[in-house]
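**Student:** So here's input03.txt, just compact mmCIF, C-alpha atoms and all ligand atoms:
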# COMPACT_ATOMS: atom_id res chain seq x y z
CA MET A 3 0.00 0.00 0.00
CA PHE A 4 1.46 3.34 -1.00
CA GLN A 5 0.88 6.30 1.27
CA GLU A 6 2.14 9.83 0.93
CA PRO A 7 4.45 10.73 3.81
CA VAL A 8 3.12 13.25 6.33
CA ILE A 9 6.66 14.62 6.51
CA ARG A 10 9.01 14.40 3.53
CA ILE A 11 12.48 15.85 4.06
CA GLN A 12 15.08 15.93 1.30
CA ASN A 13 18.54 17.44 1.55
CA LEU A 14 17.48 19.81 4.30
CA SER A 15 20.23 22.05 5.64
CA HIS A 16 19.96 24.84 8.18
CA TYR A 17 22.22 27.67 9.28
CA TYR A 18 22.11 30.05 12.23
CA GLY A 19 23.79 33.43 12.51
CA LYS A 20 25.17 35.97 10.09
CA GLY A 21 28.68 36.91 8.98
CA ALA A 22 31.39 35.40 11.19
CA LEU A 23 28.71 33.71 13.30
CA HIS A 24 27.18 31.94 10.29
CA LYS A 25 27.16 28.29 11.25
CA GLN A 26 25.66 25.19 9.70
CA ILE A 27 23.54 23.22 12.17
CA LEU A 28 21.72 20.66 9.99
CA PHE A 29 23.39 18.82 7.10
CA ASP A 30 21.50 17.26 4.18
CA ILE A 31 18.79 15.62 6.25
CA ASP A 32 16.66 13.01 4.44
CA LEU A 33 13.69 11.56 6.27
CA ASN A 34 10.16 10.38 5.46
CA ILE A 35 7.52 9.87 8.13
CA TYR A 36 4.28 8.13 7.18
CA PRO A 37 0.69 8.44 8.44
CA GLY A 38 0.14 6.85 11.85
CA GLU A 39 3.82 6.31 12.62
CA ILE A 40 5.30 7.08 16.03
CA VAL A 41 8.88 8.13 15.41
CA ILE A 42 11.34 8.96 18.17
CA MET A 43 14.32 11.19 17.43
CA THR A 44 17.30 10.88 19.76
CA GLY A 45 20.79 12.31 19.84
CA PRO A 46 23.18 14.24 22.06
CA SER A 47 22.40 17.69 23.36
CA GLY A 48 23.21 20.35 20.78
CA SER A 49 22.94 17.96 17.83
CA GLY A 50 20.07 19.87 16.18
CA LYS A 51 16.94 18.03 17.32
CA THR A 52 15.00 21.11 18.45
CA THR A 53 16.06 22.97 15.32
CA LEU A 54 14.74 20.17 13.11
CA ILE A 55 11.45 19.72 14.95
CA SER A 56 10.82 23.48 14.95
CA LEU A 57 11.42 23.58 11.19
CA ILE A 58 8.98 20.69 10.71
CA GLY A 59 6.42 22.48 12.88
CA ALA A 60 6.78 25.63 10.75
CA LEU A 61 7.90 27.51 13.86
CA ARG A 62 10.93 28.82 11.97
CA SER A 63 11.58 29.25 8.24
CA ALA A 64 13.28 26.41 6.41
CA GLN A 65 16.21 27.55 4.26
CA TYR A 66 17.78 24.92 1.97
CA GLY A 67 16.59 21.66 0.45
CA SER A 68 13.02 20.50 0.67
CA LEU A 69 10.71 20.11 3.64
CA ASN A 70 7.16 19.02 2.91
CA VAL A 71 4.78 18.85 5.86
CA LEU A 72 1.12 17.84 5.49
CA GLY A 73 1.36 18.48 1.77
CA GLN A 74 2.92 21.94 2.04
CA GLU A 75 6.45 22.80 0.95
CA LEU A 76 8.05 24.89 3.70
CA VAL A 77 11.32 25.91 2.03
CA GLY A 78 10.55 29.32 0.60
CA ALA A 79 7.00 29.23 1.96
CA SER A 80 4.98 32.36 2.69
CA GLN A 81 4.06 33.36 6.24
CA SER A 82 0.48 32.34 5.59
CA THR A 83 1.58 28.82 4.57
CA LEU A 84 3.66 28.56 7.76
CA VAL A 85 0.65 29.63 9.82
CA LYS A 86 -1.54 27.09 8.04
CA VAL A 87 0.83 24.25 8.92
CA ARG A 88 1.21 25.53 12.51
CA ARG A 89 -2.56 25.41 12.94
CA LYS A 90 -2.72 21.81 11.73
CA ALA A 91 -0.04 20.41 14.06
CA GLY A 92 -0.22 19.79 17.80
CA TYR A 93 2.80 20.71 19.92
CA ILE A 94 4.05 19.44 23.26
CA PHE A 95 7.20 20.90 24.76
CA GLN A 96 9.48 19.99 27.65
CA ALA A 97 8.21 22.92 29.62
CA HIS A 98 4.47 22.33 29.40
CA ASN A 99 3.83 26.00 28.50
CA LEU A 100 0.44 26.14 30.17
CA LEU A 101 -0.92 29.57 30.94
CA SER A 102 -0.75 29.90 34.72
CA PHE A 103 -3.78 32.21 34.97
CA LEU A 104 -6.06 29.72 33.20
CA THR A 105 -7.41 26.49 34.68
CA ALA A 106 -6.70 23.09 33.12
CA GLN A 107 -10.00 23.25 31.26
CA GLN A 108 -9.45 26.84 30.08
CA ASN A 109 -5.96 25.97 28.79
CA VAL A 110 -7.44 23.20 26.65
CA GLN A 111 -10.41 25.35 25.55
CA MET A 112 -8.04 28.00 24.31
CA ALA A 113 -6.58 25.60 21.74
CA ILE A 114 -10.08 24.90 20.46
CA GLU A 115 -11.00 28.59 20.33
CA LEU A 116 -8.02 29.25 18.03
CA GLN A 117 -9.54 26.97 15.38
CA ALA A 118 -11.63 28.31 12.49
CA ASN A 119 -15.06 27.04 13.59
CA PRO A 120 -14.88 26.12 17.25
CA ARG A 121 -17.83 24.07 18.50
CA HIS A 122 -18.83 22.44 21.78
CA ILE A 123 -15.74 24.00 23.32
CA GLU A 124 -16.40 23.16 26.95
CA ARG A 125 -17.53 19.61 26.30
CA GLN A 126 -14.59 18.87 24.01
CA ALA A 127 -12.12 20.20 26.57
CA GLN A 128 -13.72 18.18 29.35
CA ASN A 129 -13.76 14.97 27.28
CA MET A 130 -10.11 15.37 26.38
CA LEU A 131 -9.08 16.01 29.99
CA LYS A 132 -11.06 12.93 30.95
CA ALA A 133 -9.14 10.95 28.32
CA VAL A 134 -5.87 11.91 30.01
CA GLY A 135 -7.25 11.02 33.44
CA LEU A 136 -7.80 14.54 34.74
CA GLU A 137 -11.60 14.65 35.03
CA ASN A 138 -11.17 15.56 38.70
CA ARG A 139 -8.78 18.43 37.97
CA LEU A 140 -10.73 20.44 35.37
CA HIS A 141 -10.78 23.65 37.38
CA TYR A 142 -7.31 23.45 38.90
CA TYR A 143 -4.70 26.04 38.03
CA PRO A 144 -1.31 24.72 36.81
CA ASP A 145 0.38 25.72 40.10
CA ASN A 146 -1.83 23.21 41.88
CA LEU A 147 -1.04 20.32 39.53
CA SER A 148 1.97 17.96 39.64
CA GLY A 149 4.54 17.89 36.82
CA GLY A 150 2.95 14.80 35.31
CA GLN A 151 -0.53 16.31 35.53
CA LYS A 152 0.61 19.52 33.83
CA GLN A 153 2.19 17.51 31.05
CA ARG A 154 -1.09 15.60 30.65
CA VAL A 155 -2.95 18.93 30.29
CA ALA A 156 -0.40 19.86 27.63
CA ILE A 157 -1.14 16.58 25.81
CA ALA A 158 -4.88 17.24 26.04
CA ARG A 159 -4.32 20.70 24.60
CA ALA A 160 -2.16 19.35 21.76
CA LEU A 161 -4.55 16.55 20.81
CA VAL A 162 -7.97 18.13 21.35
CA ASN A 163 -8.19 19.35 17.76
CA MET A 164 -7.28 15.86 16.48
CA PRO A 165 -4.19 17.00 14.62
CA LYS A 166 -2.84 14.71 11.92
CA LEU A 167 0.66 15.53 13.21
CA VAL A 168 1.88 15.79 16.80
CA LEU A 169 5.34 17.21 17.50
CA ALA A 170 6.79 16.73 20.96
CA ASP A 171 10.18 18.04 22.14
CA GLU A 172 11.38 16.19 25.24
CA PRO A 173 7.91 15.98 26.78
CA THR A 174 8.99 13.63 29.59
CA ALA A 175 12.30 15.29 30.47
CA ALA A 176 11.01 16.86 33.68
CA LEU A 177 9.06 13.81 34.84
CA ASP A 178 9.89 10.82 37.02
CA LYS A 179 9.99 7.41 35.40
CA GLN A 180 6.38 6.40 36.05
CA SER A 181 4.85 9.76 35.06
CA GLY A 182 7.04 9.76 31.95
CA ARG A 183 5.73 6.39 30.86
CA ASP A 184 2.14 7.31 31.74
CA VAL A 185 2.36 10.45 29.65
CA MET A 186 3.83 8.50 26.71
CA GLU A 187 1.23 5.77 26.89
CA ILE A 188 -1.59 8.32 26.93
CA MET A 189 -0.10 10.04 23.92
CA GLN A 190 0.36 6.73 22.09
CA LYS A 191 -3.21 5.59 22.79
CA LEU A 192 -4.82 8.88 21.75
CA ALA A 193 -2.69 9.15 18.65
CA LYS A 194 -3.66 5.63 17.57
CA GLU A 195 -7.34 6.45 18.16
CA GLN A 196 -7.09 9.64 16.13
CA SER A 197 -4.67 8.07 13.61
CA SER A 198 -2.19 10.87 14.18
CA THR A 199 1.49 10.77 13.32
CA ILE A 200 3.84 11.51 16.21
CA LEU A 201 7.40 12.80 16.03
CA LEU A 202 8.94 12.91 19.46
CA VAL A 203 12.37 14.10 20.54
CA THR A 204 13.74 12.47 23.64
CA HIS A 205 16.89 11.53 25.54
CA ASP A 206 14.77 9.31 27.68
CA ASN A 207 15.71 5.71 26.88
CA ARG A 208 12.97 4.50 29.23
CA ILE A 209 10.33 5.24 26.58
CA LEU A 210 12.03 4.12 23.35
CA ASP A 211 9.92 0.96 23.12
CA ILE A 212 6.85 3.08 22.38
CA ALA A 213 8.23 4.08 18.98
CA ASP A 214 7.56 2.32 15.70
CA ARG A 215 10.92 3.64 14.55
CA ILE A 216 13.86 5.54 16.02
CA VAL A 217 16.01 8.04 14.16
CA GLN A 218 19.23 9.47 15.50
CA ILE A 219 20.89 12.83 14.97
CA GLU A 220 24.55 13.58 15.66
CA ASP A 221 26.24 16.91 14.99
CA GLY A 222 23.49 17.86 12.57
CA TYR A 223 23.56 14.60 10.57
CA LEU A 224 20.91 11.93 10.57
CA VAL A 225 23.17 8.99 11.36
CA ALA A 226 20.83 6.06 11.71
CA ASN A 227 17.26 5.36 10.78
CA ASP A 228 16.80 2.76 13.50
CA PRO A 229 19.56 2.16 16.05
CA ARG A 230 17.55 -0.68 17.62
CA ARG A 231 17.54 -2.65 14.40
CA GLN A 232 21.25 -1.95 13.90
CA SER A 233 22.23 -3.12 17.36
CA ALA A 234 20.12 -6.24 16.93
CA ALA A 235 21.97 -7.13 13.71
P1 LIG B 1 19.27 19.94 20.50
O1 LIG B 1 17.81 20.19 20.56
O2 LIG B 1 19.64 18.64 19.84
O3 LIG B 1 19.92 20.05 21.84
P2 LIG B 1 19.41 22.49 19.09
O4 LIG B 1 18.68 22.34 17.81
O5 LIG B 1 18.73 23.19 20.20
O6 LIG B 1 19.94 21.04 19.56
O7 LIG B 1 20.78 23.24 18.81
C1 LIG B 1 21.68 22.82 17.79
C2 LIG B 1 22.82 23.81 17.71
O8 LIG B 1 22.34 25.05 17.25
C3 LIG B 1 23.51 24.09 19.04
O9 LIG B 1 24.89 24.25 18.80
C4 LIG B 1 22.88 25.39 19.48
O10 LIG B 1 23.78 26.10 20.29
C5 LIG B 1 22.65 26.10 18.17
N1 LIG B 1 21.46 27.00 18.22
C6 LIG B 1 20.21 26.65 18.59
N2 LIG B 1 19.36 27.69 18.46
C7 LIG B 1 20.11 28.72 17.98
C8 LIG B 1 19.81 30.07 17.61
N3 LIG B 1 18.57 30.55 17.71
N4 LIG B 1 20.83 30.84 17.16
C9 LIG B 1 22.09 30.35 17.04
N5 LIG B 1 22.43 29.09 17.36
C10 LIG B 1 21.46 28.27 17.82
MG MG B 2 16.52 20.45 22.18
Let me see the file written as structure tokens.
Ligand code: ADP
Ligand code: MG

**Tutor:**
Amino acid sequence: MFQEPVIRIQNLSHYYGKGALHKQILFDIDLNIYPGEIVIMTGPSGSGKTTLISLIGALRSAQYGSLNVLGQELVGASQSTLVKVRRKAGYIFQAHNLLSFLTAQQNVQMAIELQANPRHIERQAQNMLKAVGLENRLHYYPDNLSGGQKQRVAIARALVNMPKLVLADEPTAALDKQSGRDVMEIMQKLAKEQSSTILLVTHDNRILDIADRIVQIEDGYLVANDPRRQSAA
């Protein structure tokens, strides 16, 4: 069965800085990610993982090569194309980035309100928080939630609009082992139900088994498409 990749990256290179500070960070990256896949990206600190995932999420402008996300080419894309892709993806970051002056439910509702035709906002937010096991914390402010609970609100917020693509940058980094696994399993289950594609950056080798595939970045190069398969060989 042939399926178009959700993410198709060819020869992607990226530079930061100008003049003497001009420095290449990503080198000729090639990577395809297909519908429904859960792909984990690992690699040492400073190797370019956040840069790559932020390019894929249209959070910064892609410069050289080709980067196609959800059918849109992002190299040379207009601001409105970048915004379109941003709206279609769900994001989860290491720092949960919840708004501290909104309750759990209001944080999730806000993501729905940003959509073009928001409907049943309160009920959708409540159902999603229930799906992540927080039905008893709807009206709590982030300060009164544990790290794992905040990260589950962030997952609810990222998934409530049923995005075809979920991008997560070290979502379990601040969590203990059990909360980290819980958060991953919730994300995996919801993504399967919604047939979303997940690209997740992590150093956390306690959660690698959740991936369908692992890719590794070193010094800006994609060095292996699946280190597990390599080490098994
Ligand atoms: P990782 O997420 O794998 O730790 P990053 O993508 O954050 O790696 O960073 C890759 C490299 O790019 C690092 O050397 C970092 O210092 C540099 N870098 C990241 N962001 C910027 C920026 N906005 N301007 C200049 N250099 C940056
Ligand atoms: Mg990073």

**Student:** Quick one: residues within 12 Å of stretch 146-151 of chain A, all atoms listed in the file, excluding same-chain residues fewer than 3 positions away - as a PyMOL selection string?

**Tutor:** chain A and resi 96-100+102-106+131-132+134-143+154-158+173-186+188

**Student:** Write a file of the just-selected residues containing C-alpha atoms, as a PDB file, in the coordinates of the input.

**Tutor:**
ATOM      1  CA  GLN A  96       9.480  19.990  27.650  1.00  0.00           C
ATOM      2  CA  ALA A  97       8.210  22.920  29.620  1.00  0.00           C
ATOM      3  CA  HIS A  98       4.470  22.330  29.400  1.00  0.00           C
ATOM      4  CA  ASN A  99       3.830  26.000  28.500  1.00  0.00           C
ATOM      5  CA  LEU A 100       0.440  26.140  30.170  1.00  0.00           C
ATOM      6  CA  SER A 102      -0.750  29.900  34.720  1.00  0.00           C
ATOM      7  CA  PHE A 103      -3.780  32.210  34.970  1.00  0.00           C
ATOM      8  CA  LEU A 104      -6.060  29.720  33.200  1.00  0.00           C
ATOM      9  CA  THR A 105      -7.410  26.490  34.680  1.00  0.00           C
ATOM     10  CA  ALA A 106      -6.700  23.090  33.120  1.00  0.00           C
ATOM     11  CA  LEU A 131      -9.080  16.010  29.990  1.00  0.00           C
ATOM     12  CA  LYS A 132     -11.060  12.930  30.950  1.00  0.00           C
ATOM     13  CA  VAL A 134      -5.870  11.910  30.010  1.00  0.00           C
ATOM     14  CA  GLY A 135      -7.250  11.020  33.440  1.00  0.00           C
ATOM     15  CA  LEU A 136      -7.800  14.540  34.740  1.00  0.00           C
ATOM     16  CA  GLU A 137     -11.600  14.650  35.030  1.00  0.00           C
ATOM     17  CA  ASN A 138     -11.170  15.560  38.700  1.00  0.00           C
ATOM     18  CA  ARG A 139      -8.780  18.430  37.970  1.00  0.00           C
ATOM     19  CA  LEU A 140     -10.730  20.440  35.370  1.00  0.00           C
ATOM     20  CA  HIS A 141     -10.780  23.650  37.380  1.00  0.00           C
ATOM     21  CA  TYR A 142      -7.310  23.450  38.900  1.00  0.00           C
ATOM     22  CA  TYR A 143      -4.700  26.040  38.030  1.00  0.00           C
ATOM     23  CA  ARG A 154      -1.090  15.600  30.650  1.00  0.00           C
ATOM     24  CA  VAL A 155      -2.950  18.930  30.290  1.00  0.00           C
ATOM     25  CA  ALA A 156      -0.400  19.860  27.630  1.00  0.00           C
ATOM     26  CA  ILE A 157      -1.140  16.580  25.810  1.00  0.00           C
ATOM     27  CA  ALA A 158      -4.880  17.240  26.040  1.00  0.00           C
ATOM     28  CA  PRO A 173       7.910  15.980  26.780  1.00  0.00           C
ATOM     29  CA  THR A 174       8.990  13.630  29.590  1.00  0.00           C
ATOM     30  CA  ALA A 175      12.300  15.290  30.470  1.00  0.00           C
ATOM     31  CA  ALA A 176      11.010  16.860  33.680  1.00  0.00           C
ATOM     32  CA  LEU A 177       9.060  13.810  34.840  1.00  0.00           C
ATOM     33  CA  ASP A 178       9.890  10.820  37.020  1.00  0.00           C
ATOM     34  CA  LYS A 179       9.990   7.410  35.400  1.00  0.00           C
ATOM     35  CA  GLN A 180       6.380   6.400  36.050  1.00  0.00           C
ATOM     36  CA  SER A 181       4.850   9.760  35.060  1.00  0.00           C
ATOM     37  CA  GLY A 182       7.040   9.760  31.950  1.00  0.00           C
ATOM     38  CA  ARG A 183       5.730   6.390  30.860  1.00  0.00           C
ATOM     39  CA  ASP A 184       2.140   7.310  31.740  1.00  0.00           C
ATOM     40  CA  VAL A 185       2.360  10.450  29.650  1.00  0.00           C
ATOM     41  CA  MET A 186       3.830   8.500  26.710  1.00  0.00           C
ATOM     42  CA  ILE A 188      -1.590   8.320  26.930  1.00  0.00           C
TER      43      ILE A 188
END

**Student:** So which residues touch A:Ile58 within 9 Å, counting only C-alpha atoms, skipping near sequence neighbours fewer than 3 positions away, as a list of chain:residue names?

**Tutor:**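 Within the cut-off, the hits are A:Ile9, A:Ile11, A:Thr53, A:Leu54, A:Ile55, A:Leu61, A:Arg62, A:Ala64, A:Leu69, A:Asn70, A:Val71, A:Leu76, A:Leu169.
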
**Student:** Please save C-alpha atoms of the selected residues as a short mmCIF file (atom, residue, chain, number, x, y, z; two decimals), keeping the file's coordinate frame.

**Tutor:**
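Saved result, out-v8.cif, follows:
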data_model
loop_
_atom_site.label_atom_id
_atom_site.label_comp_id
_atom_site.auth_asym_id
_atom_site.auth_seq_id
_atom_site.Cartn_x
_atom_site.Cartn_y
_atom_site.Cartn_z
CA ILE A 9 6.66 14.62 6.51
CA ILE A 11 12.48 15.85 4.06
CA THR A 53 16.06 22.97 15.32
CA LEU A 54 14.74 20.17 13.11
CA ILE A 55 11.45 19.72 14.95
CA LEU A 61 7.90 27.51 13.86
CA ARG A 62 10.93 28.82 11.97
CA ALA A 64 13.28 26.41 6.41
CA LEU A 69 10.71 20.11 3.64
CA ASN A 70 7.16 19.02 2.91
CA VAL A 71 4.78 18.85 5.86
CA LEU A 76 8.05 24.89 3.70
CA LEU A 169 5.34 17.21 17.50
#

**Student:** What residues of the protein or nucleic acid chains come within 6 Å of ligand LIG 1 (chain B) when you use all atoms listed in the file? Reply as a PyMOL selection string.

**Tutor:** chain A and resi 18-19+27+47-53

**Student:** What does the distance from atom CA of A:Val162 to atom CA of A:Ala91 come to in Å, to one decimal?

**Tutor:**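 Between these atoms lies a distance of 11.0 Å.
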
**Student:** Enter the distance from atom CA of A:Lys194 to atom CA of A:Ala118, in Å, rounded to one decimal.

**Tutor:**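 Here the two named atoms are 24.6 Å from each other.
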
**Student:** So that I can see what lies close to stretch 82-85 of chain A, please list as a list in words the residues with an atom at most 9 Å from it, counting all atoms listed in the file and leaving out residues fewer than 3 positions away in the same chain.

**Tutor:** Gly59, Ala60, Leu61, Arg62, Ser63, Gln74, Glu75, Leu76, Ala79, Arg88, Arg89 and Lys90 of chain A

**Student:** Extract, using all atoms listed in the file, all DNA, RNA and protein residues at most 10 Å from stretch 215-221 of chain A, discarding same-chain residues fewer than 5 positions from it, and format them as a count of residues only.

**Tutor:** 31

**Student:** Measuring between all atoms listed in the file, which one of A:Gln196, A:Gln12, A:Gln111, A:Ser56 shows the shortest distance to ligand MG 2 (chain B)?

**Tutor:** A:Ser56

**Student:** Rank A:Val8, A:Leu224, A:Ser198, A:Asp171 by their smallest atom-to-atom distance to ligand MG 2 (chain B), using all atoms listed in the file, and report the top residue only.

**Tutor:**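 Residue with the minimum atom-to-atom distance to ligand MG 2 (chain B): A:Asp171.
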
**Student:** Calculate how many Å separate atom CA of A:Gly67 from atom CA of A:Thr204, rounding to one decimal.

**Tutor:** 25.1 Å

**Student:** Given the choices A:Phe95, A:Gln107, A:Lys166, A:Leu116, which gets closest to ligand MG 2 (chain B) if the distance is worked out from only C-alpha atoms and all ligand atoms?

**Tutor:**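 Among the listed residues, the smallest separation from ligand MG 2 (chain B) belongs to A:Phe95.
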
**Student:** Between A:Leu101, A:Ile209, A:Leu14, A:Leu72, single out the one closest to A:Lys152, counting only C-alpha atoms.

**Tutor:**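 Smallest distance to A:Lys152 is found for A:Leu101.
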
**Student:** Using all atoms listed in the file, pick whichever of A:Arg208, A:Tyr223, A:Gln128, A:Ala170 has the shortest atom-to-atom distance to ligand MG 2 (chain B).

**Tutor:**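 Of the candidates, the smallest distance to ligand MG 2 (chain B) is held by A:Ala170.
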
**Student:** Considering only C-alpha atoms and all ligand atoms, state which residue in the set A:Glu172, A:Val77, A:Gly21, A:Ile114 is at the smallest distance from ligand MG 2 (chain B).

**Tutor:**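 Of A:Glu172, A:Val77, A:Gly21, A:Ile114, the one nearest ligand MG 2 (chain B), counting only C-alpha atoms and all ligand atoms, is A:Glu172.
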
**Student:** Give me the residues within 6 Å of A:Gly92 as a list in words, counting all atoms listed in the file and dropping any in the same chain fewer than 6 places off.

**Tutor:**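 So, after excluding close chain neighbours, the residues are Ala160, Pro165 and Val168 of chain A.
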